[in-house]
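Just model15.cif here, mmCIF, C-alpha atoms:
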data_coords
loop_
_atom_site.label_atom_id
_atom_site.label_comp_id
_atom_site.auth_asym_id
_atom_site.auth_seq_id
_atom_site.Cartn_x
_atom_site.Cartn_y
_atom_site.Cartn_z
CA MET D 1 -78.55 -31.75 26.03
CA SER D 2 -75.68 -33.43 27.83
CA GLY D 3 -74.47 -34.82 24.48
CA LYS D 4 -74.30 -31.28 23.07
CA ASN D 5 -72.31 -30.04 26.10
CA SER D 6 -69.95 -32.94 25.78
CA ARG D 7 -69.32 -32.14 22.09
CA GLU D 8 -68.67 -28.47 22.97
CA ALA D 9 -66.20 -29.51 25.67
CA ARG D 10 -64.35 -31.83 23.31
CA ARG D 11 -64.23 -29.12 20.65
CA GLU D 12 -62.78 -26.60 23.12
CA GLU D 13 -60.28 -29.19 24.29
CA ARG D 14 -59.20 -29.82 20.69
CA LEU D 15 -58.88 -26.11 19.89
CA ARG D 16 -56.84 -25.53 23.05
CA ALA D 17 -54.53 -28.42 22.15
CA GLU D 18 -54.11 -27.06 18.62
CA SER D 19 -53.37 -23.59 19.95
CA GLU D 20 -50.81 -24.94 22.42
CA SER D 21 -49.21 -26.99 19.67
CA GLU D 22 -48.99 -23.94 17.37
CA GLN D 23 -47.57 -21.88 20.22
CA GLY D 24 -44.98 -24.58 20.92
CA GLU D 25 -43.99 -24.74 17.24
CA ARG D 26 -43.71 -20.95 17.04
CA ARG D 27 -41.65 -20.86 20.22
CA LYS D 28 -39.35 -23.57 18.86
CA ARG D 29 -38.85 -21.65 15.59
CA LEU D 30 -38.08 -18.38 17.39
CA LEU D 31 -35.61 -20.06 19.74
CA GLN D 32 -33.89 -21.64 16.72
CA LEU D 33 -33.72 -18.17 15.14
CA GLY D 34 -32.19 -16.78 18.35
CA SER D 35 -29.60 -19.59 18.43
CA ALA D 36 -28.68 -18.92 14.80
CA ALA D 37 -28.24 -15.21 15.61
CA VAL D 38 -25.87 -16.10 18.48
CA PHE D 39 -23.86 -18.29 16.11
CA VAL D 40 -23.65 -15.53 13.49
CA VAL D 41 -22.56 -12.86 16.03
CA VAL D 42 -19.90 -15.14 17.55
CA ALA D 43 -18.56 -15.84 14.05
CA VAL D 44 -18.53 -12.14 13.08
CA VAL D 45 -16.73 -11.12 16.29
CA LEU D 46 -14.12 -13.84 15.79
CA VAL D 47 -13.55 -12.74 12.17
CA LEU D 48 -13.17 -9.08 13.26
CA ILE D 49 -10.65 -10.06 15.93
CA VAL D 50 -8.63 -12.21 13.52
CA ILE D 51 -8.61 -9.41 10.91
CA SER D 52 -7.49 -6.85 13.52
CA ALA D 53 -4.79 -9.17 14.84
CA ASN D 54 -3.36 -9.60 11.34
CA LYS D 55 -3.25 -5.90 10.46
CA THR D 56 0.25 -4.77 9.48
CA ASN D 57 2.08 -1.52 8.80
CA GLY D 58 2.19 0.38 5.53
CA GLY D 59 -0.53 2.89 4.99
CA ASP D 60 -3.10 0.81 6.82
CA THR D 61 -6.22 2.54 7.96
CA ASN D 62 -5.66 1.17 11.47
CA LEU D 63 -2.56 2.72 12.93
CA GLU D 64 0.36 0.83 14.34
CA ASP D 65 2.75 1.79 17.11
CA VAL D 66 0.62 4.59 18.60
CA SER D 67 1.61 3.57 22.13
CA LEU D 68 5.24 3.06 21.13
CA VAL D 69 5.52 6.58 19.69
CA LYS D 70 3.76 8.17 22.65
CA ASN D 71 5.99 6.32 25.10
CA GLN D 72 9.09 7.34 23.15
CA LEU D 73 8.16 11.02 23.28
CA GLN D 74 6.60 11.04 26.73
CA GLY D 75 7.94 13.84 28.91
CA VAL D 76 9.77 15.61 26.06
CA PRO D 77 8.37 19.10 25.35
CA GLN D 78 7.11 19.87 21.84
CA SER D 79 6.67 23.28 20.30
CA GLY D 80 5.73 23.74 16.67
CA MET D 81 7.95 21.37 14.73
CA ALA D 82 10.57 21.23 17.46
CA LEU D 83 11.12 18.47 19.98
CA GLY D 84 12.92 19.30 23.19
CA ASP D 85 13.46 22.17 25.58
CA PRO D 86 12.91 25.44 23.64
CA ARG D 87 15.79 26.97 25.67
CA ALA D 88 18.28 24.29 24.53
CA LYS D 89 21.46 25.94 23.23
CA VAL D 90 21.88 23.60 20.28
CA THR D 91 19.30 22.96 17.57
CA LEU D 92 19.58 19.97 15.27
CA PHE D 93 17.59 20.49 12.07
CA GLU D 94 16.24 17.49 10.18
CA PHE D 95 15.18 18.19 6.61
CA GLY D 96 12.92 15.27 5.77
CA ASP D 97 10.14 14.06 3.55
CA LEU D 98 7.38 12.14 5.32
CA GLN D 99 7.09 9.77 2.36
CA CYS D 100 10.81 8.98 2.41
CA PRO D 101 11.61 5.40 3.53
CA VAL D 102 15.16 6.36 4.54
CA CYS D 103 13.70 9.03 6.85
CA LYS D 104 11.47 6.33 8.32
CA GLY D 105 14.57 4.25 8.99
CA PHE D 106 16.26 7.22 10.69
CA SER D 107 13.13 7.84 12.74
CA GLU D 108 13.13 4.27 13.98
CA GLU D 109 16.81 3.53 14.40
CA ILE D 110 18.90 6.70 14.73
CA ILE D 111 16.77 9.54 16.07
CA PRO D 112 15.61 7.67 19.22
CA GLY D 113 19.23 7.47 20.39
CA VAL D 114 19.67 11.23 19.93
CA ILE D 115 16.42 11.93 21.75
CA ASP D 116 17.48 9.82 24.72
CA SER D 117 21.02 11.14 24.97
CA LYS D 118 20.76 14.79 23.94
CA VAL D 119 17.15 15.95 23.81
CA ARG D 120 15.78 14.55 27.07
CA SER D 121 18.67 16.09 28.93
CA GLY D 122 17.84 19.54 27.50
CA GLU D 123 21.20 19.76 25.72
CA ALA D 124 19.61 20.03 22.28
CA LYS D 125 16.30 20.23 20.50
CA ILE D 126 15.46 18.76 17.11
CA GLU D 127 13.48 20.74 14.59
CA PHE D 128 11.85 19.06 11.61
CA ARG D 129 11.71 20.94 8.35
CA ASN D 130 9.90 19.67 5.28
CA TYR D 131 12.03 18.96 2.25
CA THR D 132 9.44 17.57 -0.15
CA ILE D 133 11.30 15.67 -2.84
CA ILE D 134 9.40 12.39 -3.27
CA SER D 135 6.20 13.61 -4.91
CA GLN D 136 3.41 16.15 -4.70
CA GLU D 137 1.75 14.00 -1.99
CA SER D 138 4.57 15.01 0.36
CA VAL D 139 3.26 18.58 0.46
CA PRO D 140 -0.11 17.89 2.16
CA ALA D 141 1.66 15.41 4.43
CA GLY D 142 4.18 18.04 5.51
CA ALA D 143 1.45 20.65 5.92
CA ALA D 144 -0.52 18.24 8.11
CA ALA D 145 2.54 17.82 10.34
CA ILE D 146 2.93 21.60 10.67
CA ALA D 147 -0.78 21.91 11.54
CA ALA D 148 -0.35 19.23 14.23
CA GLY D 149 2.64 21.24 15.47
CA LYS D 150 0.36 24.22 16.01
CA GLN D 151 -1.38 22.07 18.62
CA GLY D 152 1.87 20.92 20.22
CA LEU D 153 1.95 17.49 18.55
CA GLY D 154 4.06 18.02 15.44
CA TRP D 155 6.72 15.53 16.38
CA THR D 156 4.19 12.90 17.49
CA PHE D 157 2.49 13.30 14.11
CA ILE D 158 5.79 12.91 12.24
CA GLU D 159 6.86 9.81 14.18
CA LEU D 160 3.44 8.20 13.81
CA PHE D 161 3.38 8.98 10.09
CA TYR D 162 6.74 7.26 9.63
CA ARG D 163 5.57 4.20 11.61
CA ASN D 164 2.55 3.89 9.30
CA GLN D 165 4.23 5.01 6.09
CA GLY D 166 3.12 3.35 2.84
CA PRO D 167 5.02 2.79 -0.41
CA GLU D 168 6.36 6.01 -1.99
CA ASP D 169 3.89 7.96 -4.13
CA SER D 170 1.33 5.14 -4.01
CA GLY D 171 -1.64 7.37 -3.27
CA TYR D 172 -1.96 6.39 0.39
CA VAL D 173 -1.56 10.00 1.62
CA THR D 174 -5.28 10.72 1.56
CA ASP D 175 -7.27 13.08 3.77
CA GLU D 176 -8.55 10.01 5.59
CA PHE D 177 -5.03 8.69 6.23
CA LEU D 178 -3.79 12.07 7.44
CA THR D 179 -6.81 12.44 9.72
CA GLU D 180 -6.17 9.03 11.21
CA ILE D 181 -2.56 9.97 11.89
CA ALA D 182 -3.72 13.22 13.52
CA ARG D 183 -6.27 11.38 15.65
CA GLY D 184 -3.70 8.74 16.56
CA ALA D 185 -1.23 11.47 17.52
CA GLY D 186 -3.88 12.90 19.82
CA VAL D 187 -4.43 16.20 18.03
CA PRO D 188 -7.24 17.61 20.18
CA ASP D 189 -8.95 19.95 17.71
CA ILE D 190 -9.31 18.16 14.38
CA ALA D 191 -11.42 20.97 12.87
CA LYS D 192 -8.66 23.52 13.58
CA TRP D 193 -6.03 21.09 12.33
CA ASN D 194 -7.96 20.66 9.06
CA LYS D 195 -8.21 24.42 8.62
CA ASP D 196 -4.53 24.95 9.45
CA ARG D 197 -3.16 22.23 7.18
CA LYS D 198 -5.03 23.62 4.19
CA SER D 199 -4.17 27.26 4.84
CA SER D 200 -1.99 29.09 2.33
CA ALA D 201 0.42 30.08 5.12
CA THR D 202 1.09 26.44 6.04
CA LEU D 203 1.52 25.36 2.43
CA ALA D 204 3.86 28.31 1.91
CA GLU D 205 5.93 27.16 4.89
CA VAL D 206 6.37 23.70 3.31
CA LYS D 207 7.54 25.38 0.12
CA ARG D 208 9.84 27.76 2.02
CA THR D 209 11.66 25.00 3.94
CA THR D 210 12.02 22.95 0.75
CA GLU D 211 13.64 25.97 -0.95
CA GLU D 212 15.84 26.44 2.13
CA ALA D 213 17.04 22.82 1.85
CA GLU D 214 17.87 23.40 -1.81
CA GLU D 215 19.78 26.57 -0.93
CA LEU D 216 21.75 24.53 1.61
CA GLU D 217 22.55 22.24 -1.33
CA PHE D 218 21.06 19.13 0.23
CA THR D 219 20.47 16.44 -2.36
CA GLY D 220 18.47 13.88 -0.44
CA THR D 221 16.45 13.17 2.67
CA PRO D 222 16.98 13.12 5.52
CA SER D 223 19.63 15.84 5.63
CA PHE D 224 20.77 17.46 8.84
CA ALA D 225 22.14 20.78 9.98
CA VAL D 226 23.12 22.04 13.39
CA GLU D 227 23.25 25.44 15.06
CA GLY D 228 24.60 26.38 18.46
CA PRO D 229 27.15 28.50 20.35
CA GLY D 230 29.97 26.47 18.77
CA THR D 231 28.89 26.96 15.17
CA LYS D 232 29.01 29.85 12.78
CA GLY D 233 25.32 29.99 11.99
CA LEU D 234 23.67 26.96 10.46
CA GLU D 235 26.20 24.25 9.65
CA THR D 236 25.19 21.44 7.34
CA LEU D 237 25.92 17.84 8.29
CA GLY D 238 24.57 15.95 5.31
CA THR D 239 23.26 12.53 6.27
CA PRO D 240 25.29 11.12 9.19
CA GLY D 241 24.93 7.36 9.42
CA SER D 242 24.57 6.88 13.13
CA SER D 243 23.21 8.31 16.37
CA GLY D 244 26.81 8.70 17.55
CA ALA D 245 27.74 10.94 14.61
CA LEU D 246 24.77 13.22 15.28
CA GLU D 247 25.56 13.28 19.00
CA GLU D 248 29.15 14.31 18.25
CA SER D 249 27.94 17.13 16.02
CA ILE D 250 25.63 18.34 18.79
CA ALA D 251 28.46 18.22 21.32
CA ALA D 252 30.71 20.19 18.99
CA ALA D 253 28.00 22.81 18.47
CA ALA D 254 27.40 23.27 22.21
CA MET A 1 -35.17 -21.62 40.64
CA SER A 2 -37.76 -20.03 38.38
CA ALA A 3 -36.96 -17.25 35.93
CA PRO A 4 -37.91 -13.71 36.97
CA SER A 5 -41.23 -12.49 35.65
CA GLU A 6 -41.15 -10.81 32.26
CA GLY A 7 -42.36 -7.59 33.86
CA THR A 8 -39.37 -7.54 36.21
CA LEU A 9 -36.94 -8.22 33.35
CA ARG A 10 -38.49 -5.40 31.30
CA ARG A 11 -38.35 -2.93 34.19
CA ILE A 12 -34.66 -3.65 34.87
CA ALA A 13 -33.87 -3.45 31.12
CA THR A 14 -35.63 -0.08 30.92
CA PHE A 15 -33.47 1.26 33.75
CA VAL A 16 -30.21 -0.14 32.32
CA ALA A 17 -30.94 1.09 28.77
CA THR A 18 -31.69 4.59 30.09
CA PHE A 19 -28.39 4.57 31.95
CA GLY A 20 -26.65 3.36 28.76
CA ILE A 21 -28.12 6.26 26.78
CA GLY A 22 -26.58 8.60 29.36
CA VAL A 23 -23.13 7.03 29.15
CA ALA A 24 -23.08 6.89 25.32
CA THR A 25 -24.38 10.45 25.07
CA TYR A 26 -21.62 11.71 27.36
CA ILE A 27 -18.95 10.01 25.22
CA ALA A 28 -20.50 11.40 22.00
CA ILE A 29 -20.75 14.95 23.38
CA ALA A 30 -17.16 14.85 24.65
CA ASP A 31 -15.98 13.76 21.19
CA SER A 32 -18.08 16.30 19.29
CA GLY A 33 -16.35 19.09 21.20
CA GLY A 34 -13.01 17.91 19.86
CA GLY A 35 -12.01 16.41 23.21
CA SER A 36 -12.42 13.06 24.90
CA PRO A 37 -14.29 11.69 27.92
CA VAL A 38 -12.60 12.32 31.26
CA CYS A 39 -11.42 9.15 32.95
CA ILE A 40 -12.54 9.64 36.57
CA ALA A 41 -9.68 7.56 37.94
CA GLY A 42 -7.14 9.36 35.68
CA GLY A 43 -4.52 7.56 33.61
CA GLY A 44 -5.34 9.08 30.21
CA GLY A 45 -6.88 5.87 28.83
CA CYS A 46 -10.06 7.66 27.75
CA GLU A 47 -8.06 10.19 25.72
CA THR A 48 -5.97 7.48 24.08
CA VAL A 49 -9.03 5.43 23.14
CA ALA A 50 -10.99 8.49 21.95
CA ASN A 51 -8.10 9.56 19.74
CA SER A 52 -7.53 6.11 18.31
CA THR A 53 -8.68 5.25 14.80
CA TYR A 54 -11.07 2.70 16.25
CA SER A 55 -13.21 5.38 17.90
CA HIS A 56 -14.90 6.20 14.60
CA LEU A 57 -16.74 4.00 12.13
CA LEU A 58 -17.45 5.48 8.67
CA GLY A 59 -16.53 8.86 10.10
CA VAL A 60 -19.09 8.62 12.89
CA ASN A 61 -18.13 8.24 16.54
CA ILE A 62 -19.14 4.75 17.68
CA ALA A 63 -20.83 6.30 20.73
CA VAL A 64 -23.50 7.57 18.32
CA PHE A 65 -24.20 3.97 17.28
CA GLY A 66 -24.29 3.18 21.00
CA ILE A 67 -26.97 5.82 21.59
CA VAL A 68 -29.07 4.38 18.75
CA GLY A 69 -28.66 0.85 20.15
CA TYR A 70 -29.62 1.83 23.69
CA VAL A 71 -32.66 3.79 22.45
CA LEU A 72 -33.85 0.75 20.46
CA LEU A 73 -33.31 -1.46 23.53
CA LEU A 74 -35.27 1.01 25.64
CA ILE A 75 -38.15 0.84 23.17
CA ALA A 76 -37.98 -2.99 23.12
CA SER A 77 -38.12 -3.07 26.91
CA LEU A 78 -41.24 -0.90 26.94
CA LEU A 79 -43.14 -3.03 24.41
CA ARG A 80 -44.84 -6.42 24.89
CA GLY A 81 -44.93 -9.44 22.60
CA ASP A 82 -42.60 -11.59 20.54
CA VAL A 83 -41.44 -8.84 18.19
CA ALA A 84 -40.16 -6.81 21.14
CA ARG A 85 -38.63 -9.94 22.75
CA MET A 86 -36.78 -10.93 19.57
CA ALA A 87 -35.75 -7.35 18.73
CA GLY A 88 -34.42 -6.80 22.26
CA PHE A 89 -32.46 -10.04 22.06
CA GLY A 90 -31.08 -9.37 18.57
CA ILE A 91 -30.01 -5.77 19.25
CA SER A 92 -28.46 -6.56 22.63
CA LEU A 93 -26.67 -9.58 21.09
CA ALA A 94 -25.17 -7.36 18.38
CA GLY A 95 -24.25 -4.73 21.00
CA PHE A 96 -22.69 -7.36 23.23
CA GLY A 97 -20.70 -8.81 20.33
CA TYR A 98 -19.39 -5.38 19.38
CA SER A 99 -18.53 -4.66 23.02
CA VAL A 100 -16.44 -7.85 23.11
CA TYR A 101 -14.62 -6.72 19.96
CA LEU A 102 -14.01 -3.21 21.33
CA THR A 103 -12.71 -4.60 24.61
CA TYR A 104 -10.29 -6.76 22.62
CA LEU A 105 -9.15 -3.64 20.72
CA GLU A 106 -8.63 -1.70 23.94
CA LEU A 107 -6.58 -4.48 25.52
CA PHE A 108 -4.50 -5.63 22.58
CA LYS A 109 -4.48 -2.94 19.85
CA ILE A 110 -4.98 0.45 21.49
CA GLU A 111 -3.36 -0.76 24.73
CA ALA A 112 -5.42 1.62 26.84
CA ILE A 113 -8.60 1.22 28.84
CA CYS A 114 -11.37 3.82 28.78
CA GLN A 115 -13.56 3.60 31.88
CA TRP A 116 -16.58 4.93 30.01
CA CYS A 117 -16.22 2.27 27.33
CA VAL A 118 -15.93 -0.39 30.03
CA ALA A 119 -19.06 1.01 31.71
CA SER A 120 -20.93 0.83 28.40
CA ALA A 121 -19.70 -2.73 27.81
CA VAL A 122 -20.94 -3.79 31.26
CA LEU A 123 -24.34 -2.18 30.63
CA MET A 124 -24.65 -3.81 27.21
CA THR A 125 -23.66 -7.20 28.68
CA THR A 126 -26.34 -6.77 31.37
CA LEU A 127 -28.91 -5.90 28.71
CA PHE A 128 -27.91 -8.95 26.69
CA CYS A 129 -28.37 -11.22 29.74
CA LEU A 130 -31.78 -9.68 30.55
CA ASN A 131 -32.99 -9.94 26.96
CA ALA A 132 -31.65 -13.50 26.61
CA ILE A 133 -33.56 -14.60 29.74
CA ARG A 134 -36.66 -12.81 28.44
CA MET A 135 -36.38 -14.43 25.02
CA VAL A 136 -35.65 -17.98 26.24
CA GLY A 137 -38.24 -17.79 29.02
CA TYR A 138 -41.11 -16.08 27.30
CA VAL A 139 -40.86 -16.07 23.51
CA GLY A 140 -43.81 -17.81 21.82
CA LYS A 141 -45.92 -17.36 24.93
CA PRO A 142 -48.81 -14.91 25.33
CA ALA A 143 -47.72 -11.40 26.28
#
Now that the file is in, can you turn its structure into structure tokens?
Amino acid sequence: MSGKNSREARREERLRAESESEQGERRKRLLQLGSAAVFVVVAVVLVLIVISANKTNGGDTNLEDVSLVKNQLQGVPQSGMALGDPRAKVTLFEFGDLQCPVCKGFSEEIIPGVIDSKVRSGEAKIEFRNYTIISQESVPAGAAAIAAGKQGLGWTFIELFYRNQGPEDSGYVTDEFLTEIARGAGVPDIAKWNKDRKSSATLAEVKRTTEEAEELEFTGTPSFAVEGPGTKGLETLGTPGSSGALEESIAAAA
Amino acid sequence: MSAPSEGTLRRIATFVATFGIGVATYIAIADSGGGSPVCIAGGGGCETVANSTYSHLLGVNIAVFGIVGYVLLLIASLLRGDVARMAGFGISLAGFGYSVYLTYLELFKIEAICQWCVASAVLMTTLFCLNAIRMVGYVGKPA
């Protein structure tokens, strides 16, 4: 009898040891799996950070210079496609094409000087008008800017577009790209913006300003015109090569 | 010092995940209305982050992915056993990793801080710690 009990006890002891061993093995495997997962996630996060850090301009899906543009325009009123105090006596008109690299250069190097010296002070406002000469892609781009203007962010949209401009007529002006620019500009109602940019009235406005530029006999972008108490209606300026030249024209028109 | 009991870890994780669902849902609702979350301390960081291109992944606001993650973590905290332990660890690890990436984006790419995103990152980090302790301390052991 005691021999049978002893065998039972040994058997239970063996089974318990086997179970504990299996449990230990299973635990070891799961912990190894967990460690591997940590390694994979660390690697993925590092890769994502490196990719983000190396993103550059040029039609990228991740926008550049959002903060720069917002800081540049901070405190300057916007209304429709105009930047500056709506009561300003002088209006400087820029006829531009959002795909135009020269316009991008003006936006980065010449216009900021005019904004700081003449627009912030309330002396003049700048109004952007589409003159779509690069390709058909310029039309939806211009319409998108007008639609952003209906929500008070036309100029932010234009500046941000220029900062993220891709190669001319390369197909980068997609709905996705335009939406990213609108989001980056801070357009609050994207659904309304989408509806506005595709409306026949907005597209007609792009066409109308392009025809206006042709009537003014402009041959390239950007082209400028000025209107104020010192001018006889709209006076064309062509493409002045510096902030100073534009500032002088504004002063003369005042 | 001994690790907290698994029951305690699960209870805390349940509470934190529920709170996370609330935060992520608020961000998603604010975005769906065409706006952005309101930064309680002001500063406009929430608006800047919400309007950035990084706020959406495949056209979906990332807060929606956050809601899904927190719901899965809530379920994992309510269940016993190794599957729940490993799932809780894996999901919170992925959430923590993505939170690190988003915090990097806020600091160095968007250059704005959204308090609601920071709150979510803190909650996800807490959940990762809880699930890591649960996994290391109890995986492979009877529930």
For this session: List the residues matched by the PyMOL selection byres ((chain D) within 6 of (chain A)) in the displayed structure as a ChimeraX atom specification, ordered by chain and then by residue number.
Result: /D:23,26-27,180,183-184,186,188-189
Problem set entry | Atom-to-atom span, CA of Asn130 (chain D) and CA of Gly244 (chain D), Å |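 If I compute the distance from CA of Asn130 (chain D) to CA of Gly244 (chain D), I get 23.6 Å.
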For this session: Could you tell me which of A:Gly81, A:Leu9, A:Ala24, A:Ser2 comes closest to Leu123 (chain A) if we count only C-alpha atoms?
Result: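 For Leu123 (chain A), the nearest of the given residues is A:Ala24.
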For this session: Please determine the residues with any atom at most 8 Å from (-0.4, 9.6, 13.5) (coordinates as given in the file, with only C-alpha atoms counting) and report them as a PyMOL selection string.
Result: chain D and resi 63+66+156-161+164+178-186
Problem set entry | Hits of the PyMOL selection byres ((chain D and resi 80) around 6) in this structure, as a PyMOL selection string | chain D and resi 79+81-82+149-150+152
Explicit residue set for the PyMOL selection byres ((chain D and resi 242) around 12), as a PDB file with C-alpha atoms, in the coordinates of the input:
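Contents of the output file selection-v1.pdb:
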ATOM      1  CA  GLY D 105      14.570   4.250   8.990  1.00  0.00           C
ATOM      2  CA  PHE D 106      16.260   7.220  10.690  1.00  0.00           C
ATOM      3  CA  SER D 107      13.130   7.840  12.740  1.00  0.00           C
ATOM      4  CA  GLU D 108      13.130   4.270  13.980  1.00  0.00           C
ATOM      5  CA  GLU D 109      16.810   3.530  14.400  1.00  0.00           C
ATOM      6  CA  ILE D 110      18.900   6.700  14.730  1.00  0.00           C
ATOM      7  CA  ILE D 111      16.770   9.540  16.070  1.00  0.00           C
ATOM      8  CA  PRO D 112      15.610   7.670  19.220  1.00  0.00           C
ATOM      9  CA  GLY D 113      19.230   7.470  20.390  1.00  0.00           C
ATOM     10  CA  VAL D 114      19.670  11.230  19.930  1.00  0.00           C
ATOM     11  CA  GLY D 238      24.570  15.950   5.310  1.00  0.00           C
ATOM     12  CA  THR D 239      23.260  12.530   6.270  1.00  0.00           C
ATOM     13  CA  PRO D 240      25.290  11.120   9.190  1.00  0.00           C
ATOM     14  CA  GLY D 241      24.930   7.360   9.420  1.00  0.00           C
ATOM     15  CA  SER D 243      23.210   8.310  16.370  1.00  0.00           C
ATOM     16  CA  GLY D 244      26.810   8.700  17.550  1.00  0.00           C
ATOM     17  CA  ALA D 245      27.740  10.940  14.610  1.00  0.00           C
ATOM     18  CA  LEU D 246      24.770  13.220  15.280  1.00  0.00           C
ATOM     19  CA  GLU D 247      25.560  13.280  19.000  1.00  0.00           C
ATOM     20  CA  GLU D 248      29.150  14.310  18.250  1.00  0.00           C
ATOM     21  CA  SER D 249      27.940  17.130  16.020  1.00  0.00           C
TER      22      SER D 249
END
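The residue set within 8 Å of Leu127 (chain A), counting only C-alpha atoms and dropping same-chain residues fewer than 5 places from it, reads Ala13, Val16, Ala17 and Ser92 of chain A.
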Exercise. So how many Å separate CA of Ile133 (chain D) and CA of Glu227 (chain D), to one decimal?
Worked result: 23.6 Å
Problem set entry | Interatomic distance (Å, one decimal) between CA of Ser5 (chain A) and CA of Ser77 (chain A) |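 One can read the CA of Ser5 (chain A) to CA of Ser77 (chain A) distance as 13.2 Å.
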For this session: List the residues sitting within 9 Å of (11.4, 17.5, 24.4) in the file's frame, using all atoms listed in the file, as a list in words.
Result: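 Protein, DNA and RNA residues close to (11.4, 17.5, 24.4): Leu73, Gln74, Gly75, Val76, Pro77, Gln78, Ser79, Ala82, Leu83, Gly84, Asp85, Pro86, Ile115, Val119, Arg120, Ser121, Gly122, Ala124, Lys125 and Ile126 of chain D.
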Exercise. Taking into account all atoms listed in the file, which residue in the set D:Trp155, D:Val139, D:Thr210, D:Val226 is nearest to Arg197 (chain D)?
Worked result: D:Val139
For this session: Within 10 Å of Leu72 (chain A), counting all atoms listed in the file, which residues show up once you throw out same-chain ones fewer than 4 positions away? Write them as a PyMOL selection string, please.
Result: chain A and resi 17+66-68+76-78+84+87-88+91-92
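Using all atoms listed in the file, the nearest neighbour of Cys114 (chain A) within the list A:Ile21, A:Ile40, A:Ala3, A:Ile62 is A:Ile40.
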For this session: Considering all atoms listed in the file, state which residue in the set D:Val69, D:Leu98, D:Ala37, D:Ala148 is at the smallest distance from Pro167 (chain D).
Result: D:Leu98
Exercise. Counting only C-alpha atoms, which of D:Arg29, D:Gly34, D:Ile51, D:Glu212 gets nearest to Asn131 (chain A)?
Worked result: D:Gly34
